[in-house]
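Report on one structure; see the data block that follows.
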Amino acid sequence: MRSLERRRIARRYARALVDAAVAAGVFSEVLLVLEALVEAIRLDPRLRRVLATRSLSPSAKEAALTEALSGAPEVLQRFIRLLAREGRIELLPEVLDAVRAERDRREGVVCGVLELARPEDEEYVPQLKAQFAARLGNDLRLEVRHVPELIAGFRLRAGGVLFDGSVAGQLDRVRRHLVFGEQTVNL
């Protein structure tokens, strides 16, 4: 199954899990247990192998997860049993990502990546975050990366929008103007 298809299916399952967990009033607990379960699977090669073995029945995979789920909210236990029965248990990491994204969407949070040319530019992160949160009209959660190729400045991807305030971006716009005659040169 292709990565795009896996994410699409995972989003569907995640929305159903979030709806059920919110309705039961246990969303926070479900998220914590789901995060722990995905981490346990990642760290335990035996469990990973069992869950990845196609010749094992869904009930065998469900049994392998029973101990890890003891004490988990009933909503999550039913959800994991459903994934096992449907042969979708290997989608758990993508489901977790989709659950987090659904939570953020419902809370009005926009996630983004802020790329800085130099580590010294970190002091500007709070100011940039506040400025772009106001522009996007949402709470903004940023992952900060250092990308020396930007030369100076920053590049922010958030909410499906790219804000490029880097020297490399300006040079690229000048190049496109000179080579292709594009009129979008804003220096």
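Please note that chains go A, B, ... in the order of the structure tokens, that every chain numbers its residues from 1, and that ligands are numbered from 1 in the order shown.
The protein and nucleic acid residues lying at most 8 Å from region 91-101 of chain A are Arg6, Arg7, Ala10, Arg11, Tyr13, Ala14, Arg15, Leu17, Val18, Leu31, Leu34, Glu35, Val38, Arg88, Ile89, Arg103, Asp104 and Arg105 of chain A, with only C-alpha atoms considered and sequence neighbours fewer than 2 positions away removed.
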- Message: Can you measure CA of Lys129 (chain A) to CA of Arg106 (chain A) for me? One decimal in Å is fine.
- Response: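 Taking CA of Lys129 (chain A) and CA of Arg106 (chain A), their separation equals 20.0 Å.
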DSSP on the backbone: what in chain A comes out alpha helix (DSSP H), as a short mmCIF file (atom, residue, chain, number, x, y, z; two decimals) with C-alpha atoms, in the first residue's frame?
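Saved the output as out37.cif:
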data_model
loop_
_atom_site.label_atom_id
_atom_site.label_comp_id
_atom_site.auth_asym_id
_atom_site.auth_seq_id
_atom_site.Cartn_x
_atom_site.Cartn_y
_atom_site.Cartn_z
CA SER A 3 2.20 6.00 1.67
CA LEU A 4 -0.49 8.41 0.47
CA GLU A 5 -3.13 5.69 0.61
CA ARG A 6 -1.97 4.64 4.10
CA ARG A 7 -2.32 8.22 5.37
CA ARG A 8 -5.77 8.60 3.80
CA ILE A 9 -7.02 5.41 5.45
CA ALA A 10 -5.36 6.35 8.75
CA ARG A 11 -7.13 9.74 8.73
CA ARG A 12 -10.49 8.02 8.40
CA TYR A 13 -9.78 5.73 11.34
CA ALA A 14 -8.34 8.62 13.36
CA ARG A 15 -11.45 10.78 12.93
CA ALA A 16 -13.61 7.87 14.11
CA LEU A 17 -11.37 7.29 17.14
CA VAL A 18 -11.30 10.98 18.06
CA ASP A 19 -15.10 11.24 17.72
CA ALA A 20 -15.63 8.20 19.96
CA ALA A 21 -13.02 9.28 22.53
CA VAL A 22 -14.38 12.83 22.73
CA ALA A 23 -17.95 11.52 23.08
CA ALA A 24 -16.79 9.24 25.92
CA PHE A 27 -9.70 11.77 24.53
CA SER A 28 -6.61 12.86 26.50
CA GLU A 29 -6.20 9.42 28.02
CA VAL A 30 -6.72 7.70 24.66
CA LEU A 31 -4.03 9.88 23.09
CA LEU A 32 -1.54 9.14 25.88
CA VAL A 33 -2.12 5.38 25.71
CA LEU A 34 -2.01 5.38 21.90
CA GLU A 35 1.32 7.25 21.99
CA ALA A 36 2.70 4.74 24.49
CA LEU A 37 1.46 1.80 22.43
CA VAL A 38 3.04 3.07 19.20
CA GLU A 39 6.30 3.68 21.07
CA ALA A 40 6.19 0.19 22.62
CA ILE A 41 5.70 -1.35 19.18
CA ARG A 42 8.56 0.73 17.81
CA LEU A 43 10.90 -0.38 20.60
CA PRO A 45 11.19 -5.99 17.70
CA ARG A 46 9.23 -9.13 18.65
CA LEU A 47 5.94 -7.27 18.86
CA ARG A 48 6.71 -5.45 15.61
CA ARG A 49 7.43 -8.78 13.90
CA VAL A 50 4.21 -10.35 15.22
CA LEU A 51 2.10 -7.43 14.02
CA ALA A 52 3.82 -7.38 10.60
CA PRO A 58 -6.14 -10.93 13.34
CA SER A 59 -7.11 -12.61 16.63
CA ALA A 60 -3.45 -13.58 17.24
CA LYS A 61 -2.38 -9.99 16.66
CA GLU A 62 -5.18 -8.77 18.92
CA ALA A 63 -4.00 -11.19 21.64
CA ALA A 64 -0.44 -9.86 21.31
CA LEU A 65 -1.72 -6.37 22.07
CA THR A 66 -4.05 -7.34 24.93
CA GLU A 74 -12.53 0.81 26.48
CA VAL A 75 -12.89 3.07 23.42
CA LEU A 76 -9.24 2.48 22.55
CA GLN A 77 -9.41 -1.24 23.25
CA ARG A 78 -12.38 -1.59 20.87
CA PHE A 79 -10.57 0.53 18.28
CA ILE A 80 -7.43 -1.63 18.41
CA ARG A 81 -9.54 -4.80 18.11
CA LEU A 82 -11.23 -3.26 15.05
CA LEU A 83 -7.87 -2.44 13.44
CA ALA A 84 -6.67 -6.00 14.11
CA ARG A 85 -9.85 -7.54 12.65
CA LEU A 92 -1.03 2.58 14.05
CA PRO A 93 1.86 5.08 13.59
CA GLU A 94 -0.07 6.85 10.81
CA VAL A 95 -3.26 6.73 12.89
CA LEU A 96 -1.40 8.38 15.78
CA ASP A 97 -0.13 11.15 13.48
CA ALA A 98 -3.65 11.62 12.12
CA VAL A 99 -5.15 11.71 15.64
CA ARG A 100 -2.71 14.47 16.59
CA ALA A 101 -3.53 16.37 13.39
CA GLU A 102 -7.27 16.00 14.04
CA ARG A 103 -6.80 17.26 17.61
CA ASP A 104 -4.88 20.27 16.30
CA ARG A 105 -7.52 20.97 13.65
CA ARG A 106 -10.32 20.86 16.22
CA VAL A 125 11.26 32.81 16.91
CA PRO A 126 8.72 34.18 19.45
CA GLN A 127 8.33 37.39 17.46
CA LEU A 128 7.93 35.52 14.14
CA LYS A 129 5.51 33.06 15.72
CA ALA A 130 3.30 35.85 17.09
CA GLN A 131 3.36 37.77 13.82
CA PHE A 132 2.41 34.76 11.67
CA ALA A 133 -0.15 33.42 14.16
CA ALA A 134 -1.93 36.76 13.83
CA ARG A 135 -1.78 36.54 10.02
CA LEU A 136 -3.04 32.95 9.93
CA VAL A 167 18.18 35.63 0.96
CA ALA A 168 18.19 32.36 -1.02
CA GLY A 169 14.49 32.93 -1.82
CA GLN A 170 15.16 36.48 -2.93
CA LEU A 171 18.03 35.34 -5.16
CA ASP A 172 15.78 32.68 -6.68
CA ARG A 173 13.08 35.26 -7.42
CA VAL A 174 15.67 37.53 -9.09
CA ARG A 175 16.94 34.57 -11.13
CA ARG A 176 13.40 33.69 -12.29
CA HIS A 177 12.83 37.33 -13.21
CA LEU A 178 16.03 37.50 -15.25
CA VAL A 179 15.65 34.10 -16.92
CA PHE A 180 11.90 33.81 -17.39
#
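Counting from CA of Ala117 (chain A), the distance to CA of Val144 (chain A) is 10.7 Å.
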- Could you give me the residues within chain A that DSSP places in strand (DSSP E or B), as JSON, numbers by chain? {"A": [109, 110, 111, 112, 113, 114, 115, 116, 139, 140, 141, 142, 143, 144, 145, 146, 154, 155, 156, 157, 158, 161, 162, 163, 164]}
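You can rank A:Gly165, A:Gly87, A:Pro119, A:Gly159 by their closest distance to Asp139 (chain A) using only C-alpha atoms, and at the top of that list sits A:Gly159.
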